[in-house]
>>> print(open('data_28.cif').read())   # mmCIF, C-alpha atoms
data_data
loop_
_atom_site.label_atom_id
_atom_site.label_comp_id
_atom_site.auth_asym_id
_atom_site.auth_seq_id
_atom_site.Cartn_x
_atom_site.Cartn_y
_atom_site.Cartn_z
CA MET A 20 75.57 89.29 -54.05
CA ASP A 21 72.21 88.92 -52.31
CA TYR A 22 69.76 91.80 -52.76
CA THR A 23 66.90 90.06 -50.96
CA LEU A 24 65.44 92.51 -48.46
CA ASN A 25 66.00 91.64 -44.84
CA GLU A 26 63.20 91.94 -42.28
CA GLN A 27 64.06 95.53 -41.37
CA GLN A 28 64.29 96.63 -44.99
CA GLN A 29 60.98 94.99 -45.84
CA ALA A 30 59.40 96.84 -42.91
CA ILE A 31 60.74 100.12 -44.32
CA VAL A 32 59.17 99.43 -47.72
CA GLU A 33 55.84 98.51 -46.09
CA ALA A 34 55.88 101.66 -43.96
CA ALA A 35 56.47 103.78 -47.06
CA GLU A 36 53.64 101.97 -48.84
CA ARG A 37 51.27 102.76 -45.96
CA ILE A 38 52.10 106.44 -46.29
CA CYS A 39 51.57 106.26 -50.05
CA SER A 40 48.14 104.71 -49.52
CA LYS A 41 47.07 107.91 -47.74
CA TYR A 42 48.50 110.18 -50.43
CA GLY A 43 47.58 108.57 -53.68
CA LEU A 44 47.41 109.60 -57.31
CA ASP A 45 44.55 112.06 -56.87
CA TYR A 46 46.38 113.87 -54.06
CA TRP A 47 49.47 114.38 -56.22
CA LEU A 48 47.40 115.38 -59.25
CA GLU A 49 45.77 118.11 -57.15
CA ARG A 50 49.17 119.27 -55.91
CA GLU A 51 50.40 119.39 -59.50
CA LEU A 52 47.41 121.43 -60.65
CA LYS A 53 47.27 123.85 -57.72
CA GLY A 54 50.86 123.91 -56.54
CA GLY A 55 51.84 124.38 -52.92
CA PHE A 56 54.20 122.31 -50.79
CA PRO A 57 52.69 118.94 -49.68
CA GLU A 58 52.92 119.77 -45.99
CA GLU A 59 50.51 117.03 -44.82
CA TYR A 60 52.55 114.37 -46.56
CA PHE A 61 55.83 115.84 -45.28
CA GLN A 62 54.60 115.76 -41.68
CA GLU A 63 53.32 112.19 -42.12
CA VAL A 64 56.82 111.11 -43.11
CA ALA A 65 58.27 113.09 -40.20
CA ARG A 66 55.92 111.47 -37.65
CA GLY A 67 57.12 108.07 -38.75
CA GLY A 68 60.72 109.11 -38.08
CA TRP A 69 61.71 108.54 -41.71
CA LEU A 70 63.24 111.95 -42.35
CA GLY A 71 66.19 110.93 -40.19
CA ILE A 72 66.55 107.46 -41.67
CA ALA A 73 70.23 107.98 -42.57
CA MET A 74 71.17 110.26 -39.63
CA PRO A 75 72.95 109.01 -36.48
CA GLU A 76 70.67 107.88 -33.67
CA GLU A 77 72.29 110.22 -31.14
CA TYR A 78 70.99 113.19 -33.15
CA GLY A 79 67.45 111.93 -33.62
CA GLY A 80 67.93 109.72 -36.66
CA ALA A 81 67.51 106.01 -37.29
CA GLY A 82 71.20 105.38 -37.97
CA LEU A 83 70.51 103.31 -41.09
CA GLY A 84 72.35 103.27 -44.42
CA ILE A 85 71.95 104.66 -47.90
CA THR A 86 70.47 101.31 -48.95
CA GLU A 87 67.55 101.85 -46.57
CA ALA A 88 67.13 105.50 -47.60
CA ALA A 89 67.11 104.46 -51.27
CA LEU A 90 64.44 101.83 -50.59
CA PHE A 91 62.23 104.41 -48.87
CA LEU A 92 62.60 107.02 -51.62
CA ARG A 93 62.07 104.44 -54.38
CA THR A 94 58.85 103.31 -52.70
CA VAL A 95 57.34 106.78 -52.26
CA ALA A 96 58.17 107.63 -55.87
CA ALA A 97 56.63 104.35 -57.05
CA GLY A 98 53.52 105.01 -54.96
CA GLY A 99 52.33 107.64 -57.43
CA GLY A 100 53.89 110.72 -55.90
CA ALA A 101 56.81 110.35 -58.32
CA LEU A 102 59.49 113.00 -58.00
CA ALA A 103 57.25 115.45 -56.15
CA ALA A 104 56.91 112.99 -53.26
CA ALA A 105 60.63 112.18 -53.25
CA SER A 106 61.81 115.78 -53.62
CA ALA A 107 59.62 117.01 -50.77
CA ILE A 108 61.65 114.89 -48.34
CA HIS A 109 64.96 114.34 -50.17
CA MET A 110 66.78 117.25 -48.51
CA ASN A 111 65.72 116.23 -45.00
CA ILE A 112 66.67 112.62 -45.55
CA PHE A 113 70.21 113.23 -46.75
CA GLY A 114 70.93 116.91 -47.42
CA LEU A 115 72.74 117.54 -44.15
CA HIS A 116 75.22 114.68 -44.54
CA PRO A 117 78.11 117.22 -44.56
CA VAL A 118 77.01 118.39 -41.12
CA VAL A 119 76.96 114.78 -39.88
CA LEU A 120 80.51 114.20 -41.16
CA PHE A 121 82.19 117.56 -40.63
CA GLY A 122 80.10 119.60 -38.20
CA THR A 123 81.16 120.27 -34.64
CA GLU A 124 79.37 118.51 -31.79
CA GLU A 125 77.56 121.78 -31.01
CA GLN A 126 76.43 122.13 -34.62
CA LYS A 127 75.18 118.55 -34.80
CA LYS A 128 73.13 118.91 -31.60
CA ARG A 129 71.74 122.26 -32.74
CA ILE A 130 71.01 121.44 -36.38
CA LEU A 131 70.22 117.75 -36.84
CA PRO A 132 67.45 116.83 -34.32
CA PRO A 133 64.91 119.45 -35.51
CA PHE A 134 65.76 118.56 -39.09
CA ALA A 135 65.09 114.86 -38.46
CA ARG A 136 61.79 115.69 -36.71
CA GLY A 137 60.61 117.78 -39.65
CA GLU A 138 60.48 120.95 -37.57
CA THR A 139 62.94 122.66 -39.91
CA LYS A 140 63.16 122.75 -43.69
CA ALA A 141 66.26 123.76 -45.60
CA CYS A 142 67.35 124.25 -49.18
CA PHE A 143 70.68 123.33 -50.75
CA ALA A 144 72.26 126.31 -52.53
CA VAL A 145 75.17 125.31 -54.77
CA THR A 146 74.33 125.83 -58.46
CA GLU A 147 74.90 129.25 -60.02
CA PRO A 148 73.64 130.74 -63.31
CA ASP A 149 77.04 130.99 -65.05
CA THR A 150 78.93 127.93 -63.82
CA GLY A 151 76.69 124.89 -64.42
CA LEU A 152 78.49 121.70 -63.42
CA ASN A 153 81.86 123.49 -63.14
CA THR A 154 81.47 123.86 -59.38
CA THR A 155 85.08 124.94 -58.87
CA LYS A 156 84.23 128.23 -60.61
CA LEU A 157 81.44 129.28 -58.21
CA LYS A 158 81.32 133.06 -57.78
CA VAL A 159 79.03 133.72 -54.80
CA LYS A 160 81.29 135.39 -52.23
CA ALA A 161 81.46 135.07 -48.47
CA GLU A 162 83.66 137.84 -47.07
CA ARG A 163 84.62 137.68 -43.41
CA ASN A 164 84.60 140.69 -41.11
CA GLY A 165 85.35 139.73 -37.53
CA ASP A 166 83.08 136.88 -36.46
CA THR A 167 80.64 137.37 -39.34
CA TYR A 168 80.70 136.41 -43.01
CA TYR A 169 78.72 138.47 -45.54
CA ILE A 170 77.44 136.46 -48.50
CA SER A 171 76.47 138.01 -51.83
CA GLY A 172 75.67 136.65 -55.29
CA LYS A 173 73.18 134.54 -57.25
CA LYS A 174 72.15 130.91 -56.96
CA VAL A 175 69.76 129.04 -59.25
CA TRP A 176 67.74 125.79 -59.35
CA ILE A 177 67.31 125.88 -55.59
CA SER A 178 64.47 123.59 -54.50
CA THR A 179 62.11 124.32 -51.55
CA ALA A 180 63.47 127.83 -50.94
CA GLN A 181 59.89 129.14 -50.78
CA VAL A 182 59.21 127.09 -47.63
CA ALA A 183 62.73 126.72 -46.17
CA GLU A 184 63.87 128.47 -43.00
CA HIS A 185 67.55 127.57 -43.47
CA MET A 186 69.95 126.85 -46.29
CA LEU A 187 73.12 124.87 -46.80
CA ILE A 188 75.16 127.13 -49.06
CA LEU A 189 78.54 126.86 -50.77
CA ALA A 190 80.31 130.20 -51.20
CA ARG A 191 83.75 131.43 -52.17
CA THR A 192 85.89 132.65 -49.27
CA THR A 193 89.16 132.86 -51.23
CA PRO A 194 89.38 134.29 -54.76
CA ILE A 195 90.01 131.54 -57.29
CA GLU A 196 93.22 133.17 -58.52
CA GLN A 197 94.67 132.86 -54.99
CA VAL A 198 94.11 129.14 -54.41
CA LYS A 199 96.72 126.43 -55.06
CA LYS A 200 94.13 123.80 -56.07
CA ARG A 201 90.98 124.63 -57.99
CA THR A 202 88.90 122.65 -55.48
CA GLU A 203 89.96 124.94 -52.63
CA GLY A 204 88.65 128.34 -51.58
CA LEU A 205 84.97 127.42 -51.21
CA SER A 206 83.37 127.19 -47.77
CA LEU A 207 80.15 125.55 -46.61
CA PHE A 208 77.62 127.23 -44.34
CA TYR A 209 74.34 126.15 -42.75
CA THR A 210 72.51 129.31 -41.85
CA LYS A 211 69.14 131.05 -41.66
CA LEU A 212 67.52 131.97 -44.95
CA ASN A 213 66.92 135.57 -43.94
CA ARG A 214 64.59 137.10 -46.50
CA ASP A 215 65.69 140.61 -45.51
CA TYR A 216 68.87 139.84 -47.45
CA VAL A 217 67.73 137.15 -49.90
CA GLN A 218 65.25 137.68 -52.72
CA ILE A 219 63.65 134.40 -53.78
CA ARG A 220 62.13 134.17 -57.24
CA GLU A 221 60.29 130.98 -58.20
CA ILE A 222 61.06 129.44 -61.59
CA GLU A 223 58.03 128.25 -63.55
CA LYS A 224 59.02 124.84 -64.87
CA MET A 225 57.80 121.79 -66.75
CA GLY A 226 56.76 119.68 -63.77
CA ARG A 227 56.95 119.01 -60.04
CA LYS A 228 54.85 122.07 -59.24
CA ALA A 229 54.33 120.89 -55.66
CA VAL A 230 58.03 121.41 -54.93
CA ASP A 231 59.22 124.90 -55.80
CA THR A 232 62.44 125.69 -57.66
CA ASN A 233 64.01 129.11 -57.40
CA GLU A 234 66.61 131.74 -58.13
CA LEU A 235 68.22 133.36 -55.08
CA PHE A 236 69.56 136.91 -55.14
CA ILE A 237 71.72 137.34 -52.04
CA ASP A 238 72.81 140.78 -50.87
CA ASN A 239 75.22 140.92 -47.92
CA LEU A 240 73.57 138.12 -45.96
CA PRO A 241 75.22 138.12 -42.51
CA VAL A 242 76.32 134.63 -41.42
CA PRO A 243 77.94 134.07 -38.00
CA VAL A 244 81.21 132.14 -38.06
CA GLU A 245 79.61 129.38 -35.95
CA ASP A 246 77.41 128.59 -38.99
CA ARG A 247 80.42 127.57 -41.07
CA ILE A 248 80.70 123.80 -41.45
CA GLY A 249 84.26 122.54 -41.07
CA GLU A 250 87.34 124.45 -42.17
CA GLU A 251 87.30 127.54 -44.32
CA GLY A 252 88.09 126.72 -47.93
CA LYS A 253 87.24 123.00 -47.66
CA GLY A 254 83.53 123.20 -48.51
CA LEU A 255 83.73 121.59 -51.93
CA GLU A 256 85.59 118.63 -50.46
CA TYR A 257 82.76 118.20 -47.94
CA ILE A 258 80.15 118.30 -50.70
CA PHE A 259 82.05 115.68 -52.70
CA HIS A 260 81.75 113.25 -49.78
CA GLY A 261 78.00 113.06 -50.35
CA MET A 262 77.92 112.82 -54.13
CA ASN A 263 77.96 109.03 -54.41
CA ALA A 264 75.09 108.75 -51.95
CA GLU A 265 73.13 111.38 -53.84
CA ARG A 266 73.64 109.46 -57.08
CA CYS A 267 72.18 106.34 -55.43
CA LEU A 268 69.18 108.18 -54.01
CA VAL A 269 68.35 110.01 -57.24
CA ALA A 270 68.68 106.71 -59.12
CA SER A 271 66.28 105.01 -56.74
CA GLU A 272 63.75 107.80 -57.28
CA ALA A 273 64.03 107.41 -61.06
CA ILE A 274 63.36 103.70 -60.73
CA GLY A 275 60.33 104.39 -58.55
CA ILE A 276 58.88 106.75 -61.15
CA GLY A 277 59.43 104.14 -63.86
CA GLN A 278 57.78 101.46 -61.75
CA ALA A 279 54.75 103.69 -61.16
CA ALA A 280 54.45 104.33 -64.90
CA ILE A 281 54.67 100.65 -65.83
CA ARG A 282 52.16 99.68 -63.13
CA LEU A 283 49.54 102.11 -64.44
CA ALA A 284 50.24 101.22 -68.07
CA THR A 285 49.95 97.51 -67.37
CA GLN A 286 46.60 97.95 -65.65
CA TYR A 287 45.38 100.09 -68.52
CA ALA A 288 46.49 97.41 -70.98
CA LYS A 289 44.39 94.87 -69.08
CA ASP A 290 41.32 97.09 -68.91
CA ARG A 291 41.30 98.77 -72.33
CA VAL A 292 39.36 96.75 -74.91
CA VAL A 293 39.74 97.49 -78.64
CA PHE A 294 38.60 95.19 -81.45
CA ASP A 295 36.90 93.00 -78.83
CA ARG A 296 40.10 92.15 -76.93
CA PRO A 297 42.22 93.82 -74.25
CA ILE A 298 45.09 95.71 -75.84
CA GLY A 299 47.45 93.93 -73.43
CA GLN A 300 46.87 90.76 -75.42
CA ASN A 301 48.81 92.30 -78.30
CA GLN A 302 52.55 91.70 -78.32
CA GLY A 303 53.03 95.24 -79.60
CA ILE A 304 51.80 96.36 -76.17
CA GLN A 305 53.21 93.49 -74.11
CA HIS A 306 56.80 93.57 -75.29
CA PRO A 307 57.64 97.24 -74.59
CA LEU A 308 56.15 96.90 -71.09
CA ALA A 309 58.08 93.71 -70.43
CA GLN A 310 61.29 95.31 -71.77
CA SER A 311 60.86 98.28 -69.45
CA TRP A 312 60.23 96.02 -66.47
CA ALA A 313 63.47 94.18 -67.18
CA GLU A 314 65.47 97.39 -67.62
CA LEU A 315 64.13 98.85 -64.37
CA GLU A 316 65.00 95.65 -62.49
CA ALA A 317 68.53 95.64 -63.92
CA ALA A 318 69.05 99.29 -63.01
CA ASN A 319 67.71 98.62 -59.53
CA HIS A 320 70.34 95.92 -59.03
CA MET A 321 73.00 98.45 -59.99
CA VAL A 322 71.61 100.90 -57.42
CA MET A 323 71.61 98.26 -54.70
CA ALA A 324 75.16 97.25 -55.61
CA ALA A 325 76.40 100.84 -55.40
CA ALA A 326 74.52 101.50 -52.15
CA SER A 327 75.88 98.29 -50.63
CA LEU A 328 79.45 99.31 -51.45
CA LEU A 329 78.81 102.77 -50.04
CA ASP A 330 77.37 101.44 -46.78
CA GLN A 331 80.44 99.22 -46.39
CA GLY A 332 82.74 102.20 -46.84
CA LEU A 333 84.15 100.82 -50.09
CA PRO A 334 84.95 102.79 -53.28
CA CYS A 335 81.79 103.16 -55.37
CA GLY A 336 82.12 106.30 -57.51
CA THR A 337 81.82 104.55 -60.85
CA GLU A 338 79.08 102.23 -59.60
CA ALA A 339 77.04 105.14 -58.21
CA ASN A 340 77.41 107.06 -61.46
CA ALA A 341 76.44 103.99 -63.50
CA ALA A 342 73.42 103.44 -61.26
CA LYS A 343 72.22 106.99 -61.83
CA LEU A 344 72.80 106.70 -65.59
CA LEU A 345 70.99 103.37 -66.02
CA ALA A 346 68.13 104.20 -63.65
CA SER A 347 67.35 107.53 -65.28
CA GLN A 348 67.47 106.00 -68.76
CA ALA A 349 65.24 103.07 -67.73
CA GLY A 350 62.85 105.44 -65.97
CA MET A 351 62.65 107.71 -69.00
CA LYS A 352 61.91 104.81 -71.34
CA ALA A 353 59.30 103.40 -68.95
CA CYS A 354 57.45 106.72 -68.82
CA GLN A 355 57.47 107.02 -72.61
CA THR A 356 56.21 103.44 -72.91
CA ALA A 357 53.41 104.18 -70.44
CA ILE A 358 52.16 107.10 -72.51
CA LEU A 359 52.28 105.08 -75.73
CA THR A 360 50.37 102.26 -74.03
CA HIS A 361 47.63 104.71 -73.08
CA GLY A 362 47.54 106.17 -76.58
CA GLY A 363 45.75 109.51 -76.68
CA PHE A 364 44.66 109.15 -73.05
CA GLY A 365 48.33 109.15 -72.04
CA TYR A 366 48.32 112.85 -72.90
CA ALA A 367 45.53 113.57 -70.40
CA LYS A 368 46.45 114.65 -66.87
CA GLU A 369 43.77 112.48 -65.27
CA TYR A 370 45.69 109.35 -66.34
CA HIS A 371 48.81 110.56 -64.49
CA VAL A 372 51.46 109.09 -66.79
CA GLU A 373 52.13 112.40 -68.53
CA ARG A 374 53.10 113.81 -65.11
CA PHE A 375 55.57 110.98 -64.63
CA LEU A 376 57.18 111.75 -67.99
CA ARG A 377 57.58 115.42 -67.09
CA GLU A 378 59.08 114.59 -63.69
CA ILE A 379 61.49 111.88 -64.87
CA TRP A 380 63.40 114.60 -66.73
CA VAL A 381 64.78 115.92 -63.44
CA PRO A 382 66.72 112.78 -62.39
CA TYR A 383 67.67 112.31 -66.04
CA ILE A 384 69.36 115.74 -66.19
CA ALA A 385 70.39 116.34 -62.58
CA PRO A 386 72.50 116.42 -60.53
CA VAL A 387 74.82 115.39 -63.37
CA SER A 388 74.10 114.83 -67.06
CA PRO A 389 74.30 111.44 -68.79
CA GLN A 390 77.12 112.74 -70.98
CA LEU A 391 79.29 113.75 -68.03
CA ILE A 392 78.69 110.38 -66.36
CA LEU A 393 79.79 108.59 -69.54
CA SER A 394 82.91 110.76 -69.69
CA ASN A 395 83.65 109.93 -66.05
CA ILE A 396 83.27 106.18 -66.60
CA ALA A 397 85.38 106.32 -69.77
CA GLU A 398 88.16 108.10 -67.90
CA ARG A 399 88.05 106.42 -64.48
CA LYS A 400 87.04 102.87 -65.43
CA LEU A 401 88.31 102.43 -68.97
CA GLY A 402 91.45 104.51 -68.64
CA LEU A 403 90.69 106.74 -71.62
CA PRO A 404 92.09 110.31 -71.73
CA LYS A 405 90.05 113.06 -70.15
CA SER A 406 87.82 114.70 -72.76
CA TYR A 407 86.87 117.96 -71.05
#
>>> encode(input="data_28.cif", output="structure tokens")
Amino acid sequence: MDYTLNEQQQAIVEAAERICSKYGLDYWLERELKGGFPEEYFQEVARGGWLGIAMPEEYGGAGLGITEAALFLRTVAAGGGALAAASAIHMNIFGLHPVVLFGTEEQKKRILPPFARGETKACFAVTEPDTGLNTTKLKVKAERNGDTYYISGKKVWISTAQVAEHMLILARTTPIEQVKKRTEGLSLFYTKLNRDYVQIREIEKMGRKAVDTNELFIDNLPVPVEDRIGEEGKGLEYIFHGMNAERCLVASEAIGIGQAAIRLATQYAKDRVVFDRPIGQNQGIQHPLAQSWAELEAANHMVMAAASLLDQGLPCGTEANAAKLLASQAGMKACQTAILTHGGFGYAKEYHVERFLREIWVPYIAPVSPQLILSNIAERKLGLPKSY
């Protein structure tokens, strides 16, 4: 299989690199120290038309594949913005895939073009405090009265809710004890994030301060029936359609973070002189860096393989899960290696690598843990009995 970038894909990487050159390490360090959404960067990406890279052309997108979206996100993460840069645009690039696949023509024309132009921001509200990865047990309710649903409950780990005007939310429309299949009874809505009915509380967290993460407390939020995506009760099925793509994109971001860490560590190893020689001359420094480079390259091939299968419409669940697993592990090891290469200076914010280590934890943990991926591969690929 040939993973050599074609002319269009190389142009995408170069365009992302030009954006990164305007928003370098110092910009992201300031955003990390002060907080606040990186609006200038977001609008720069929007002006280039990259927010709609994977959306159909008829709705304002570029009509390209997950491979191209992964290349763009990997490049902006590798440019020094790490996960903050990727997360600021991740939702716009792919978050509304369920609308593309299952929305009505009216919904697509109303929702997608302003999203692709960067005129609208949205958050993705699925996770709840008491359910974790057991999405079939979601409790947030959407009760219908006439042509309006009323949504109530709690969501958690919701990124960009502080700046979002809309949200894509999964809510229960049929009590779980009344459904025939545990995957039924949940419906998907794209609606206004009306703060008269939604209290948003930011979660102080380890890293990625530029992109907020929140708890949502929803009290009878009115949602018109025309904001429901697809059929009632089929929302979880619609979300599942995007999971393999999300795995590929998160994996590409993890690789980008690892590449940024190794690039800075390598340069430091060339420049830092101890005992009258650059520390990069020592195999104790060289070998871990070389090992991380190799692991990142191998993981990247897995991502490209999974994305290629996905873009061809072929089964790729195991490959996408493996890509996310390997990329997050390689990224984590690369960030640790970068700090060790810097020694004590690796602990200082001005050298940036400590930020990479804090941010790589997100793609390592989310949207699915390494342990659950391993269980999935064991069951689906190796034919072992289900363990949970």
>>> resolve_selection(input="data_28.cif", expression="the PyMOL selection byres ((chain A and resi 133-149) around 7)", output="MDAnalysis selection string")
chainID A and resid 62 65 68 70:71 79:80 111 130:132 150:151 157 173:180 183:189
>>> resolve_selection(input="data_28.cif", expression="the PyMOL selection byres ((chain A and resi 44) around 12)", output="number ranges by chain")
A: 39-43, 45-51, 95-101, 103-104, 279-280, 283, 368-372, 374-375
>>> atom_distance(input="data_28.cif", atom1="atom CA of A:Lys200", atom2="atom CA of A:Lys158")
15.9 Å
>>> resolve_selection(input="data_28.cif", expression="the PyMOL selection byres ((chain A and resi 217) around 7)", output="list of chain:residue names")
A:Asn213, A:Arg214, A:Asp215, A:Tyr216, A:Gln218, A:Ile219, A:Leu235, A:Phe236, A:Ile237, A:Asp238
>>> residues_around(input="data_28.cif", residues="A:Asn263", least_positions_apart="4", cutoff="10 Å", atoms="all atoms listed in the file", output="ChimeraX atom specification")
/A:85,259,267-268,325-326,329,334-340,342-343
>>> atom_distance(input="data_28.cif", atom1="atom CA of A:Tyr407", atom2="atom CA of A:Ala346")
24.4 Å
>>> axis_aligned_box(input="data_28.cif", around="stretch 358-367 of chain A", padding_each_side="6 Å", output="lines of an AutoDock Vina configuration file")
center_x = 48.5
center_y = 107.9
center_z = -73.5
size_x = 19.6
size_y = 23.3
size_z = 18.3
>>> residues_around(input="data_28.cif", residues="A:Gly362", least_positions_apart="6", cutoff="12 Å", atoms="only C-alpha atoms", output="list of chain:residue names")
A:Ala284, A:Tyr287, A:Ala288, A:Arg291, A:Val293, A:Ile298, A:Ile304, A:Gln355, A:Thr356, A:Tyr370, A:Val372, A:Glu373
>>> residues_around(input="data_28.cif", residues="A:Pro243", least_positions_apart="6", cutoff="12 Å", atoms="all atoms listed in the file", output="MDAnalysis selection string")
chainID A and resid 161:170 208:211
>>> residues_around(input="data_28.cif", residues="A:Ser388", least_positions_apart="2", cutoff="12 Å", atoms="only C-alpha atoms", output="PyMOL selection string")
chain A and resi 151-152+266+340-341+343-345+347-348+380-386+390-395
>>> residues_around(input="data_28.cif", residues="A:Glu223", least_positions_apart="4", cutoff="10 Å", atoms="all atoms listed in the file", output="PDB file with C-alpha atoms, keeping the file's coordinate frame")
ATOM      1  CA  ARG A 227      56.950 119.010 -60.040  1.00  0.00           C
ATOM      2  CA  LYS A 228      54.850 122.070 -59.240  1.00  0.00           C
ATOM      3  CA  ASP A 231      59.220 124.900 -55.800  1.00  0.00           C
ATOM      4  CA  THR A 232      62.440 125.690 -57.660  1.00  0.00           C
ATOM      5  CA  ASN A 233      64.010 129.110 -57.400  1.00  0.00           C
TER       6      ASN A 233
END
>>> atom_distance(input="data_28.cif", atom1="atom CA of A:Leu90", atom2="atom CA of A:Val64")
14.1 Å
>>> closest_residue(input="data_28.cif", among="A:Gln126, A:Phe113, A:Glu234, A:Lys289", to="A:His361", atoms="only C-alpha atoms")
A:Lys289
>>> closest_residue(input="data_28.cif", among="A:Ser206, A:Glu124, A:Arg191, A:Ala264", to="A:Ile112", atoms="all atoms listed in the file")
A:Ala264
>>> closest_residue(input="data_28.cif", among="A:Glu378, A:Leu403, A:Ala309, A:Ala229", to="A:Pro57", atoms="only C-alpha atoms")
A:Ala229
>>> closest_residue(input="data_28.cif", among="A:Ala35, A:Val118, A:Leu102, A:Ile396", to="A:Tyr257", atoms="only C-alpha atoms")
A:Val118
